[in-house]
file query30.cif (mmCIF, C-alpha atoms)
data_query
loop_
_atom_site.label_atom_id
_atom_site.label_comp_id
_atom_site.auth_asym_id
_atom_site.auth_seq_id
_atom_site.Cartn_x
_atom_site.Cartn_y
_atom_site.Cartn_z
CA MET K 1 13.33 -27.00 -20.60
CA VAL K 2 9.95 -25.27 -20.58
CA PHE K 3 8.40 -24.67 -17.19
CA GLU K 4 5.80 -27.29 -16.36
CA GLY K 5 3.26 -26.83 -13.64
CA SER K 6 -0.17 -25.49 -12.87
CA SER K 7 -1.38 -22.20 -11.50
CA ALA K 8 -4.36 -20.16 -10.41
CA ALA K 9 -5.12 -16.50 -9.76
CA ILE K 10 -7.96 -14.94 -7.81
CA SER K 11 -8.75 -11.41 -6.62
CA HIS K 12 -11.50 -10.05 -4.37
CA THR K 13 -12.48 -6.54 -3.29
CA GLY K 14 -12.74 -7.62 0.34
CA LYS K 15 -15.41 -6.63 2.83
CA VAL K 16 -14.53 -2.95 3.33
CA ARG K 17 -13.12 -1.44 0.14
CA SER K 18 -15.52 -0.08 -2.49
CA ASN K 19 -13.30 -1.05 -5.43
CA ASN K 20 -10.46 -3.44 -6.24
CA GLN K 21 -7.10 -1.74 -6.74
CA ASP K 22 -5.20 -5.05 -6.91
CA SER K 23 -4.20 -6.83 -10.12
CA GLY K 24 -2.91 -10.36 -10.65
CA TYR K 25 -1.52 -12.36 -13.56
CA ALA K 26 -0.93 -16.11 -13.99
CA GLY K 27 0.43 -17.18 -17.37
CA SER K 28 2.67 -19.91 -18.77
CA ASN K 29 5.95 -18.74 -17.28
CA LEU K 30 5.12 -15.41 -15.65
CA PHE K 31 3.18 -14.75 -12.42
CA VAL K 32 2.58 -11.31 -10.90
CA VAL K 33 0.70 -9.58 -8.08
CA ALA K 34 0.38 -5.76 -8.01
CA ASP K 35 -1.34 -3.89 -5.16
CA GLY K 36 -2.28 -0.38 -6.27
CA MET K 37 -2.62 2.71 -4.08
CA GLY K 38 -3.44 6.36 -4.56
CA GLY K 39 -7.06 7.33 -4.13
CA HIS K 40 -10.29 5.83 -5.38
CA ALA K 41 -9.02 5.17 -8.92
CA GLY K 42 -5.27 5.86 -8.95
CA GLY K 43 -4.38 2.48 -7.51
CA ASP K 44 -6.50 0.70 -10.10
CA VAL K 45 -4.66 2.47 -12.91
CA ALA K 46 -1.21 1.92 -11.39
CA SER K 47 -1.57 -1.84 -10.87
CA SER K 48 -3.14 -2.25 -14.33
CA ILE K 49 -0.29 -0.38 -16.00
CA ALA K 50 2.27 -2.54 -14.17
CA ILE K 51 0.60 -5.77 -15.29
CA SER K 52 0.22 -4.59 -18.89
CA ARG K 53 3.95 -3.85 -19.11
CA ILE K 54 5.23 -6.94 -17.32
CA GLU K 55 2.90 -9.47 -19.01
CA THR K 56 4.86 -9.07 -22.27
CA LEU K 57 7.59 -11.16 -20.59
CA ASP K 58 5.44 -14.29 -20.47
CA ARG K 59 7.68 -16.32 -22.75
CA HIS K 60 10.67 -18.61 -22.55
CA PHE K 61 14.07 -17.01 -21.85
CA ALA K 62 17.41 -18.49 -22.85
CA SER K 63 18.99 -17.62 -19.48
CA THR K 64 18.13 -16.32 -16.04
CA ASP K 65 20.35 -13.28 -16.68
CA ASP K 66 18.21 -12.32 -19.68
CA ALA K 67 15.03 -12.85 -17.67
CA GLU K 68 16.25 -10.81 -14.69
CA ARG K 69 17.39 -7.94 -16.92
CA SER K 70 14.08 -8.00 -18.81
CA LEU K 71 12.11 -7.85 -15.54
CA GLN K 72 14.12 -4.84 -14.39
CA GLU K 73 13.56 -3.08 -17.71
CA ALA K 74 9.83 -3.86 -17.79
CA ILE K 75 9.31 -2.52 -14.27
CA ALA K 76 11.30 0.63 -15.10
CA ASP K 77 9.14 1.05 -18.23
CA ALA K 78 6.04 0.68 -16.05
CA ALA K 79 7.33 3.46 -13.80
CA ALA K 80 7.83 5.67 -16.85
CA ASP K 81 4.29 4.84 -17.97
CA LEU K 82 2.98 5.96 -14.57
CA VAL K 83 4.83 9.28 -14.90
CA ASP K 84 3.43 9.78 -18.41
CA MET K 85 -0.10 8.93 -17.26
CA VAL K 86 0.03 11.51 -14.46
CA ALA K 87 1.33 14.11 -16.93
CA ARG K 88 -1.77 13.50 -19.03
CA ARG K 89 -4.16 13.08 -16.11
CA PRO K 90 -3.01 15.16 -13.12
CA GLU K 91 -5.93 13.93 -11.02
CA LEU K 92 -4.04 10.62 -10.69
CA ALA K 93 -0.97 12.22 -9.09
CA GLY K 94 0.39 10.20 -6.17
CA MET K 95 -0.67 6.82 -7.50
CA GLY K 96 1.61 3.81 -7.14
CA THR K 97 1.69 0.06 -6.91
CA THR K 98 3.62 -2.81 -5.42
CA VAL K 99 4.99 -5.45 -7.79
CA SER K 100 5.91 -9.02 -6.91
CA ALA K 101 6.79 -11.00 -10.04
CA LEU K 102 7.95 -14.56 -10.62
CA LEU K 103 9.39 -15.61 -13.99
CA MET K 104 10.18 -19.30 -14.49
CA VAL K 105 13.28 -20.13 -16.52
CA ASP K 106 14.08 -23.84 -16.74
CA ASP K 107 14.81 -25.00 -13.17
CA TYR K 108 15.01 -21.47 -11.77
CA ALA K 109 12.66 -18.79 -10.50
CA VAL K 110 13.60 -15.22 -11.38
CA ILE K 111 12.06 -12.82 -8.86
CA ALA K 112 11.45 -9.06 -8.92
CA HIS K 113 9.89 -7.27 -5.98
CA ILE K 114 9.05 -3.81 -4.68
CA GLY K 115 6.56 -2.89 -1.96
CA ASP K 116 4.78 -5.07 0.59
CA SER K 117 3.10 -7.73 -1.51
CA ARG K 118 4.83 -11.04 -0.85
CA ILE K 119 6.22 -14.16 -2.49
CA TYR K 120 6.32 -17.35 -0.43
CA LEU K 121 7.79 -20.77 -1.19
CA TYR K 122 6.17 -23.89 0.25
CA ARG K 123 8.67 -26.76 0.08
CA ASP K 124 9.01 -29.95 2.12
CA ASP K 125 6.08 -28.98 4.38
CA ALA K 126 7.72 -25.66 5.29
CA LEU K 127 6.63 -22.14 4.32
CA THR K 128 9.32 -19.51 3.70
CA GLN K 129 8.79 -15.83 2.94
CA ILE K 130 11.11 -15.14 0.01
CA THR K 131 10.66 -11.38 -0.41
CA ALA K 132 11.24 -8.68 2.21
CA ASP K 133 8.59 -6.01 2.82
CA HIS K 134 9.70 -2.51 1.89
CA THR K 135 7.83 -0.98 4.81
CA PHE K 136 8.62 1.21 7.77
CA VAL K 137 7.72 -1.48 10.28
CA GLN K 138 9.97 -4.01 8.53
CA ARG K 139 12.88 -1.62 9.06
CA LEU K 140 11.94 -1.49 12.73
CA VAL K 141 11.92 -5.30 12.82
CA ASP K 142 15.28 -5.51 11.00
CA SER K 143 16.83 -3.06 13.47
CA GLY K 144 15.48 -5.02 16.44
CA ARG K 145 13.19 -2.23 17.66
CA ILE K 146 10.02 -4.35 17.44
CA THR K 147 9.16 -8.02 16.95
CA PRO K 148 7.46 -9.44 13.83
CA GLU K 149 4.31 -9.99 15.90
CA GLU K 150 4.31 -6.33 17.00
CA ALA K 151 4.75 -5.31 13.35
CA ARG K 152 1.42 -6.98 12.45
CA TYR K 153 -0.45 -4.48 14.67
CA HIS K 154 1.82 -1.44 14.48
CA PRO K 155 -0.09 1.80 13.67
CA ARG K 156 2.43 2.57 10.89
CA ARG K 157 2.32 -0.86 9.26
CA SER K 158 0.82 0.60 6.05
CA VAL K 159 3.69 3.01 5.37
CA LEU K 160 5.72 1.88 2.33
CA MET K 161 9.29 3.08 1.94
CA ARG K 162 9.70 1.74 -1.63
CA VAL K 163 7.01 1.51 -4.29
CA LEU K 164 6.55 1.70 -8.07
CA GLY K 165 5.14 5.20 -8.38
CA ASP K 166 4.77 8.29 -10.53
CA MET K 167 7.68 10.15 -8.93
CA ASP K 168 10.63 7.93 -9.84
CA THR K 169 11.44 6.53 -13.29
CA ASP K 170 14.33 4.49 -11.84
CA PRO K 171 12.77 2.55 -8.93
CA GLU K 172 14.91 0.44 -6.61
CA VAL K 173 13.64 -3.10 -7.24
CA ASP K 174 14.90 -6.28 -5.56
CA THR K 175 15.76 -8.93 -8.15
CA PHE K 176 17.32 -12.34 -7.58
CA VAL K 177 17.33 -15.90 -8.88
CA MET K 178 16.46 -19.05 -6.94
CA PRO K 179 16.56 -22.72 -7.94
CA THR K 180 13.20 -24.43 -7.92
CA GLN K 181 12.25 -28.10 -8.10
CA PRO K 182 9.26 -30.35 -8.76
CA GLY K 183 6.86 -30.26 -5.83
CA ASP K 184 7.54 -26.62 -4.99
CA ARG K 185 4.49 -24.47 -4.46
CA TRP K 186 4.86 -20.71 -4.88
CA LEU K 187 2.41 -18.20 -3.42
CA LEU K 188 2.23 -14.56 -4.52
CA CYS K 189 -0.21 -12.37 -2.59
CA SER K 190 -1.14 -8.82 -1.69
CA ASP K 191 -1.13 -7.75 1.94
CA GLY K 192 -4.89 -8.25 1.92
CA LEU K 193 -4.04 -11.91 2.55
CA SER K 194 -0.77 -11.77 4.50
CA GLY K 195 -2.05 -8.98 6.74
CA VAL K 196 -4.95 -11.03 8.11
CA VAL K 197 -4.04 -14.71 7.61
CA ASP K 198 -0.91 -15.68 9.54
CA ASP K 199 1.84 -17.95 8.21
CA PRO K 200 0.79 -21.11 10.12
CA HIS K 201 -2.72 -21.02 8.59
CA THR K 202 -1.31 -20.20 5.15
CA SER K 203 1.14 -23.09 5.43
CA LYS K 204 -1.63 -25.47 6.45
CA ALA K 205 -3.76 -24.49 3.44
CA LEU K 206 -0.86 -24.88 1.03
CA GLY K 207 0.01 -28.27 2.52
CA LEU K 208 -3.40 -29.85 1.95
CA GLY K 209 -2.37 -30.90 -1.55
CA LEU K 210 -5.40 -29.37 -3.25
CA ALA K 211 -5.18 -27.97 -6.77
CA PRO K 212 -4.04 -24.31 -7.01
CA ALA K 213 -7.56 -22.98 -7.70
CA ARG K 214 -9.09 -24.75 -4.68
CA THR K 215 -6.16 -23.70 -2.50
CA ALA K 216 -6.58 -20.07 -3.56
CA ASP K 217 -10.31 -20.28 -2.75
CA ASN K 218 -9.45 -21.71 0.68
CA LEU K 219 -7.05 -18.87 1.46
CA LEU K 220 -9.49 -16.25 0.20
CA LYS K 221 -12.22 -17.66 2.45
CA GLN K 222 -9.89 -17.39 5.45
CA ALA K 223 -9.18 -13.74 4.60
CA LEU K 224 -12.91 -12.99 4.23
CA ASP K 225 -13.69 -14.79 7.49
CA ALA K 226 -11.08 -12.57 9.17
CA GLY K 227 -12.86 -9.43 7.93
CA ALA K 228 -10.85 -8.78 4.72
CA PRO K 229 -10.37 -5.02 5.33
CA ASP K 230 -8.32 -4.74 2.11
CA ASN K 231 -8.39 -6.13 -1.42
CA VAL K 232 -7.16 -9.74 -1.55
CA THR K 233 -5.18 -11.10 -4.51
CA ILE K 234 -3.66 -14.57 -4.62
CA VAL K 235 -1.58 -16.33 -7.29
CA ILE K 236 -0.48 -19.92 -6.71
CA VAL K 237 2.08 -21.72 -8.87
CA ASP K 238 2.89 -25.44 -8.65
CA VAL K 239 6.12 -26.75 -10.13
CA GLY K 240 5.49 -30.21 -11.61
CA GLY K 241 3.69 -32.38 -9.07
CA GLN K 242 0.33 -34.11 -9.24
CA HIS K 243 -1.71 -31.37 -10.91
CA PRO K 244 -1.81 -31.32 -14.71
CA LEU K 245 -0.29 -28.56 -16.80
CA LEU K 246 -2.80 -25.81 -17.50
CA THR K 247 -2.75 -24.42 -21.03
CA GLY K 248 -4.65 -21.68 -22.78
CA THR K 249 -4.96 -17.96 -22.22
CA PRO K 250 -3.37 -16.33 -19.16
CA THR K 251 -5.52 -15.57 -16.12
CA ILE K 252 -5.74 -11.86 -15.35
CA VAL K 253 -7.63 -10.77 -12.23
CA GLY K 254 -8.44 -7.55 -10.41
CA SER K 255 -8.42 -4.13 -12.04
CA ALA K 256 -6.12 -5.28 -14.88
CA SER K 257 -8.81 -7.70 -16.07
CA ASN K 258 -10.89 -4.82 -17.42
CA PRO K 259 -10.15 -4.82 -21.17
CA GLU K 260 -11.50 -1.28 -21.58
CA GLY K 261 -9.13 0.12 -19.02
CA VAL K 262 -9.92 1.58 -15.64
CA ALA K 263 -12.46 4.37 -15.48
CA VAL K 264 -11.68 7.28 -13.20
CA PRO K 265 -14.89 8.29 -11.41
CA ALA K 266 -15.44 11.69 -9.89
CA ALA K 267 -14.20 12.04 -6.35
CA ARG K 268 -16.80 11.05 -3.81
CA PRO K 269 -17.19 12.84 -0.48
CA GLY K 270 -16.12 10.76 2.44
CA ARG K 271 -18.85 9.39 4.67
CA THR K 272 -18.35 8.97 8.35
CA SER K 273 -20.26 8.64 11.56
CA TRP K 274 -19.52 8.11 15.20
CA LEU K 275 -20.07 4.37 14.64
CA HIS K 276 -17.84 4.17 11.57
CA PRO K 277 -14.94 6.66 11.70
CA ALA K 278 -13.37 7.51 8.37
CA ARG K 279 -10.00 5.99 9.20
CA GLN K 280 -10.06 2.66 10.96
CA ALA K 281 -6.79 1.04 11.96
CA ALA K 282 -7.68 -2.23 10.27
CA ASN K 283 -8.60 -0.38 7.09
CA GLU K 284 -5.72 2.09 6.89
CA PRO K 285 -4.70 2.44 3.21
CA SER K 286 -1.10 1.83 2.24
CA HIS K 287 0.82 4.94 1.29
CA TYR K 288 4.32 5.84 0.16
CA GLU K 289 6.70 7.98 2.25
CA PRO K 290 10.16 7.84 0.67
CA ALA K 291 11.78 10.84 2.34
CA ALA K 292 14.64 10.03 4.71
CA GLU K 293 13.52 12.75 7.12
CA PHE K 294 10.09 11.09 7.30
CA LEU K 295 11.72 7.80 8.22
CA GLU K 296 13.67 9.51 11.00
CA GLU K 297 10.48 11.21 12.16
CA LEU K 298 8.68 7.88 12.32
CA ILE K 299 11.57 6.25 14.16
CA GLU K 300 11.57 9.09 16.70
CA GLU K 301 7.80 8.79 17.06
CA ASP K 302 8.20 5.07 17.65
CA ARG K 303 10.77 5.81 20.34
CA ARG K 304 8.33 8.22 21.99
CA ARG K 305 5.62 5.55 21.86
CA ALA K 306 8.02 3.06 23.44
CA ARG K 307 8.89 5.55 26.19
CA ARG K 308 5.21 6.25 26.83
CA ARG K 309 4.54 2.52 27.07
CA ARG K 310 7.38 2.12 29.59
CA VAL K 311 6.19 5.10 31.66
CA THR K 312 2.60 3.80 31.60
CA TRP K 313 3.74 0.31 32.58
CA ILE K 314 5.93 1.63 35.43
CA ALA K 315 3.16 3.95 36.66
CA GLY K 316 0.69 1.07 36.59
CA PHE K 317 3.14 -1.15 38.44
CA VAL K 318 3.68 1.54 41.09
CA VAL K 319 -0.09 1.99 41.50
CA VAL K 320 -0.59 -1.75 41.94
CA ILE K 321 2.23 -1.97 44.49
CA ALA K 322 0.86 1.05 46.35
CA MET K 323 -2.61 -0.49 46.45
CA LEU K 324 -1.14 -3.77 47.65
CA ILE K 325 0.88 -2.05 50.39
CA GLY K 326 -2.14 0.06 51.36
CA GLY K 327 -4.27 -3.06 51.60
CA LEU K 328 -1.67 -4.77 53.75
CA VAL K 329 -1.44 -1.74 56.05
CA ILE K 330 -5.22 -1.63 56.44
CA ALA K 331 -5.35 -5.35 57.11
CA TYR K 332 -2.53 -5.14 59.67
CA ASN K 333 -4.16 -2.21 61.46
CA TRP K 334 -7.37 -4.23 61.69
CA THR K 335 -5.51 -7.15 63.27
CA GLN K 336 -4.24 -4.79 65.96
CA THR K 337 -7.81 -4.16 67.10
CA ARG K 338 -8.17 -7.86 67.97
CA PHE K 339 -7.05 -9.64 71.16
CA PHE K 340 -6.73 -13.19 72.39
CA VAL K 341 -5.61 -14.99 75.54
CA GLY K 342 -2.76 -17.46 75.33
CA ALA K 343 0.33 -18.77 77.05
CA ASP K 344 3.80 -17.33 77.11
CA HIS K 345 6.19 -19.85 78.63
CA ASP K 346 4.58 -20.56 82.03
CA THR K 347 2.08 -17.70 82.46
CA VAL K 348 -1.24 -16.55 81.00
CA VAL K 349 -0.79 -13.60 78.60
CA VAL K 350 -3.12 -11.27 76.70
CA PHE K 351 -1.97 -10.92 73.09
CA ARG K 352 -2.79 -8.08 70.72
CA GLY K 353 -3.43 -9.15 67.11
CA ILE K 354 -4.57 -12.43 65.61
CA GLN K 355 -3.30 -15.95 66.04
CA GLN K 356 -2.34 -16.38 62.36
CA GLY K 357 0.84 -15.07 60.79
CA ILE K 358 2.24 -14.42 57.29
CA GLY K 359 4.84 -17.13 56.92
CA PRO K 360 7.44 -16.54 59.62
CA ILE K 361 6.02 -13.05 60.38
CA PRO K 362 3.67 -13.05 63.43
CA LEU K 363 0.63 -10.78 63.46
CA SER K 364 0.43 -10.57 67.25
CA SER K 365 2.49 -9.37 70.19
CA VAL K 366 2.30 -9.60 73.99
CA TYR K 367 0.04 -6.84 75.24
CA GLU K 368 -0.26 -7.78 78.91
CA ASP K 369 1.28 -10.49 81.08
CA THR K 370 -1.32 -11.43 83.70
CA GLY K 371 1.21 -13.11 85.95
CA ILE K 372 -1.13 -16.11 86.40
CA PRO K 373 0.97 -19.28 86.40
CA LEU K 374 -0.26 -22.02 84.07
CA ASP K 375 0.24 -24.50 86.87
CA ASP K 376 -2.51 -22.73 88.87
CA LEU K 377 -5.07 -23.55 86.17
CA THR K 378 -7.04 -26.72 85.81
CA TYR K 379 -5.97 -29.19 83.17
CA PHE K 380 -8.75 -28.15 80.78
CA GLN K 381 -8.03 -24.45 81.35
CA GLN K 382 -4.38 -25.04 80.51
CA LEU K 383 -5.38 -26.75 77.22
CA SER K 384 -7.69 -23.85 76.32
CA VAL K 385 -5.05 -21.22 77.02
CA GLN K 386 -2.36 -23.10 75.12
CA GLU K 387 -4.69 -23.36 72.09
CA THR K 388 -5.55 -19.63 72.62
CA ILE K 389 -8.93 -18.07 73.38
CA SER K 390 -10.16 -15.37 70.96
CA ALA K 391 -11.59 -12.12 72.28
CA GLY K 392 -13.38 -9.35 70.40
CA SER K 393 -11.80 -6.59 72.47
CA LEU K 394 -9.35 -5.87 75.27
CA LYS K 395 -12.23 -5.71 77.73
CA GLU K 396 -13.42 -9.16 76.67
CA ALA K 397 -9.89 -10.53 76.94
CA ARG K 398 -9.59 -9.25 80.51
CA GLU K 399 -12.93 -10.79 81.41
CA ILE K 400 -11.61 -14.14 80.16
CA VAL K 401 -8.53 -13.68 82.31
CA ASP K 402 -10.69 -12.90 85.35
CA ARG K 403 -12.57 -16.16 84.83
CA LEU K 404 -9.28 -18.05 84.62
CA ARG K 405 -7.84 -16.44 87.73
CA PRO K 406 -7.76 -18.83 90.71
CA ALA K 407 -10.26 -18.14 93.47
CA ASP K 408 -7.52 -17.03 95.89
CA GLY K 409 -6.52 -14.23 93.46
CA GLY K 410 -3.11 -15.68 92.55
CA ASP K 411 -0.22 -13.22 92.12
CA GLY K 412 -1.78 -10.84 89.65
#
call {"tool": "encode", "arguments": {"input": "query30.cif", "output": "structure tokens"}}
result
Amino acid sequence: MVFEGSSAAISHTGKVRSNNQDSGYAGSNLFVVADGMGGHAGGDVASSIAISRIETLDRHFASTDDAERSLQEAIADAAADLVDMVARRPELAGMGTTVSALLMVDDYAVIAHIGDSRIYLYRDDALTQITADHTFVQRLVDSGRITPEEARYHPRRSVLMRVLGDMDTDPEVDTFVMPTQPGDRWLLCSDGLSGVVDDPHTSKALGLGLAPARTADNLLKQALDAGAPDNVTIVIVDVGGQHPLLTGTPTIVGSASNPEGVAVPAARPGRTSWLHPARQAANEPSHYEPAAEFLEELIEEDRRRARRRRVTWIAGFVVVIAMLIGGLVIAYNWTQTRFFVGADHDTVVVFRGIQQGIGPIPLSSVYEDTGIPLDDLTYFQQLSVQETISAGSLKEAREIVDRLRPADGGDG
């Protein structure tokens, strides 16, 4: 059975980058996204080379095994092409690209993946990320050191641990086969989309039932509205469903769409100012760090960051508690400058403090027992004393007591 469905591909430079290093391909059976990296032009060349090698597989395969093996060989050939290109043009050294490819074979999707571009499957109103990011922060997530939400804002989120580059002619590529069915909607995208548009919004856009081209436009608009600090490339593939089969020439977008190849301009001096620093967190370029010692260094740095966060949090907590205790001490000391006249059992007493308390804790204590029996007071004086009479000072409290004292002087 020949794959039947419809597709669309779109690529945009974004709002910050000066050129588009992404490439995308949507054909009859083959769909690819490649996100290049490596300087102003190296990424353009790398993603274009990957697409030019892999696009030769856009045909029908007799079996998924043949398709999977062919994908592996094409990606390895692309890696060899990158090595050869750098040998001829040393100024491109260090270039590389991600590759996320989907090859339809009958009722199956054959997938090849390296890097941090992504393949999603939208099925039965649910969005599932099919590929795993080959990034440092994903390793931290997998080991339980950070949460997926923390990974979105981690300062090392742009560090790739696996990539198709010019240093390895035998790259480690994830390949696997999945069954697919009519109604499935596949999304391939660079991190220019997944890094700024979260899964719930992506799922909502895919679930609107719009044609692939309109859906891709919708997702691109969301990325641009979010600032689009990186190139954005989107390929959408529908399996069967309501949209008609698209025929004709494949759609190639991004740097690979240039039929004359990618020009390598002279290096341009970086421009910076105090308003626009050269390296912004949201615009940090992806780069490849394969060395095991670098991974351990990053893990240790992450541990140090975690320890610093804990120390900062504990110190802040201690400061808040100290301020709270200090405030309580000041407030309590102030209450001890206040006095009031009240009753203690059957006599008139001068209290130090205030009438209110904190729950069961009183903020007053007996300062002076006048010895004046309550029974010697008039009825209204007894009510006043029992309800307490506030005084601004000890002197004022004693004056109140003198006014309450019976004319004969009582016992006090």
call {"tool": "closest_residue", "arguments": {"input": "query30.cif", "among": "K:Val341, K:Ser158, K:Thr335, K:Tyr379", "to": "K:Ser364", "atoms": "only C-alpha atoms"}}
result
K:Thr335
call {"tool": "resolve_selection", "arguments": {"input": "query30.cif", "expression": "the PyMOL selection byres ((chain K and resi 340) around 8)", "output": "PyMOL selection string"}}
result
chain K and resi 338-339+341-342+350-355+388-392+397
call {"tool": "atom_distance", "arguments": {"input": "query30.cif", "atom1": "atom CA of K:Val33", "atom2": "atom CA of K:Thr233"}}
result
7.0 Å
call {"tool": "closest_residue", "arguments": {"input": "query30.cif", "among": "K:Asp375, K:Asp174, K:Glu368, K:Glu149", "to": "K:Asp133", "atoms": "all atoms listed in the file"}}
result
K:Asp174
call {"tool": "atom_distance", "arguments": {"input": "query30.cif", "atom1": "atom CA of K:Glu150", "atom2": "atom CA of K:Ala306"}}
result
12.0 Å
call {"tool": "closest_residue", "arguments": {"input": "query30.cif", "among": "K:Leu404, K:Thr249, K:His345, K:Gly192", "to": "K:Gly227", "atoms": "all atoms listed in the file"}}
result
K:Gly192
call {"tool": "closest_atom_pairs", "arguments": {"input": "query30.cif", "of": "stretch 115-211 of chain K", "to": "stretch 2-25 of chain K", "cutoff": "9 Å", "atoms": "all atoms listed in the file", "output": "CSV"}}
result
residue,atom,partner,partner_atom,distance
K:Pro182,CA,K:Gly5,CA,8.5
K:Cys189,CA,K:Gly24,CA,8.7
K:Ser190,CA,K:Asp22,CA,7.6
K:Gly192,CA,K:Gly14,CA,8.0
K:Ala211,CA,K:Ser6,CA,8.3
call {"tool": "atom_distance", "arguments": {"input": "query30.cif", "atom1": "atom CA of K:Ile111", "atom2": "atom CA of K:Arg145"}}
result
28.6 Å
call {"tool": "resolve_selection", "arguments": {"input": "query30.cif", "expression": "the PyMOL selection byres ((chain K and resi 51-57) around 7)", "output": "list in words"}}
result
Leu30, Ser47, Ser48, Ile49, Ala50, Asp58, Arg59, Ala74, Ile75, Ala78 and Ala256 of chain K
call {"tool": "write_last_selection", "arguments": {"input": "query30.cif", "atoms": "C-alpha atoms", "output": "short mmCIF file (atom, residue, chain, number, x, y, z; two decimals), in the frame of the given file"}}
result
data_model
loop_
_atom_site.label_atom_id
_atom_site.label_comp_id
_atom_site.auth_asym_id
_atom_site.auth_seq_id
_atom_site.Cartn_x
_atom_site.Cartn_y
_atom_site.Cartn_z
CA LEU K 30 5.12 -15.41 -15.65
CA SER K 47 -1.57 -1.84 -10.87
CA SER K 48 -3.14 -2.25 -14.33
CA ILE K 49 -0.29 -0.38 -16.00
CA ALA K 50 2.27 -2.54 -14.17
CA ASP K 58 5.44 -14.29 -20.47
CA ARG K 59 7.68 -16.32 -22.75
CA ALA K 74 9.83 -3.86 -17.79
CA ILE K 75 9.31 -2.52 -14.27
CA ALA K 78 6.04 0.68 -16.05
CA ALA K 256 -6.12 -5.28 -14.88
#
call {"tool": "resolve_selection", "arguments": {"input": "query30.cif", "expression": "the PyMOL selection byres ((chain K and resi 116) around 9)", "output": "list in words"}}
result
Asp35, Thr98, Val99, Ser100, His113, Ile114, Gly115, Ser117, Arg118, Thr131, Ala132, Asp133, His134, Thr135, Ser158, Leu160, Arg162, Val163, Ser190 and Asp191 of chain K
call {"tool": "residues_around", "arguments": {"input": "query30.cif", "residues": "stretch 197-203 of chain K", "least_positions_apart": "5", "cutoff": "12 Å", "atoms": "all atoms listed in the file", "output": "JSON, numbers by chain"}}
result
{"K": [118, 120, 121, 122, 123, 124, 125, 126, 127, 128, 129, 148, 149, 152, 185, 186, 187, 188, 189, 190, 191, 192, 208, 209, 215, 216, 217, 218, 219, 220, 221, 222, 223, 224, 225, 226, 227, 228, 229, 232, 234, 236]}
call {"tool": "residues_around", "arguments": {"input": "query30.cif", "residues": "K:Ala76", "least_positions_apart": "3", "cutoff": "12 Å", "atoms": "all atoms listed in the file", "output": "PyMOL selection string"}}
result
chain K and resi 49-50+53-54+69-73+79-83+99+112+114+163-173
call {"tool": "decode", "arguments": {"input": "query30.cif", "residues": "stretch 365-377 of chain K", "atoms": "N, CA and C atoms", "output": "PDB file, in the first residue's frame"}}
result
ATOM      1  N   SER K 365       0.565  41.097  82.600  1.00  0.00           N
ATOM      2  CA  SER K 365       0.808  40.427  83.882  1.00  0.00           C
ATOM      3  C   SER K 365       0.495  41.411  85.011  1.00  0.00           C
ATOM      4  N   VAL K 366       0.243  40.873  86.189  1.00  0.00           N
ATOM      5  CA  VAL K 366      -0.072  41.715  87.362  1.00  0.00           C
ATOM      6  C   VAL K 366       1.176  42.503  87.734  1.00  0.00           C
ATOM      7  N   TYR K 367       1.039  43.804  87.749  1.00  0.00           N
ATOM      8  CA  TYR K 367       2.162  44.660  88.141  1.00  0.00           C
ATOM      9  C   TYR K 367       2.035  45.100  89.605  1.00  0.00           C
ATOM     10  N   GLU K 368       0.781  45.371  90.010  1.00  0.00           N
ATOM     11  CA  GLU K 368       0.594  45.902  91.370  1.00  0.00           C
ATOM     12  C   GLU K 368      -0.830  45.596  91.827  1.00  0.00           C
ATOM     13  N   ASP K 369      -0.935  44.935  92.978  1.00  0.00           N
ATOM     14  CA  ASP K 369      -2.247  44.671  93.575  1.00  0.00           C
ATOM     15  C   ASP K 369      -2.549  45.809  94.550  1.00  0.00           C
ATOM     16  N   THR K 370      -3.596  46.566  94.248  1.00  0.00           N
ATOM     17  CA  THR K 370      -3.904  47.748  95.073  1.00  0.00           C
ATOM     18  C   THR K 370      -4.482  47.377  96.424  1.00  0.00           C
ATOM     19  N   GLY K 371      -5.006  46.192  96.543  1.00  0.00           N
ATOM     20  CA  GLY K 371      -5.635  45.788  97.795  1.00  0.00           C
ATOM     21  C   GLY K 371      -7.032  46.345  97.983  1.00  0.00           C
ATOM     22  N   ILE K 372      -7.569  47.060  96.992  1.00  0.00           N
ATOM     23  CA  ILE K 372      -8.919  47.636  97.097  1.00  0.00           C
ATOM     24  C   ILE K 372      -9.940  46.554  96.760  1.00  0.00           C
ATOM     25  N   PRO K 373     -10.782  46.171  97.676  1.00  0.00           N
ATOM     26  CA  PRO K 373     -11.783  45.147  97.384  1.00  0.00           C
ATOM     27  C   PRO K 373     -12.792  45.665  96.355  1.00  0.00           C
ATOM     28  N   LEU K 374     -13.200  44.781  95.458  1.00  0.00           N
ATOM     29  CA  LEU K 374     -14.211  45.166  94.468  1.00  0.00           C
ATOM     30  C   LEU K 374     -15.519  45.535  95.143  1.00  0.00           C
ATOM     31  N   ASP K 375     -15.787  44.884  96.257  1.00  0.00           N
ATOM     32  CA  ASP K 375     -17.052  45.134  96.953  1.00  0.00           C
ATOM     33  C   ASP K 375     -17.141  46.558  97.495  1.00  0.00           C
ATOM     34  N   ASP K 376     -15.952  47.246  97.637  1.00  0.00           N
ATOM     35  CA  ASP K 376     -15.973  48.608  98.153  1.00  0.00           C
ATOM     36  C   ASP K 376     -16.301  49.628  97.059  1.00  0.00           C
ATOM     37  N   LEU K 377     -16.342  49.149  95.802  1.00  0.00           N
ATOM     38  CA  LEU K 377     -16.617  50.069  94.694  1.00  0.00           C
ATOM     39  C   LEU K 377     -18.104  50.129  94.420  1.00  0.00           C
TER      40      LEU K 377
END
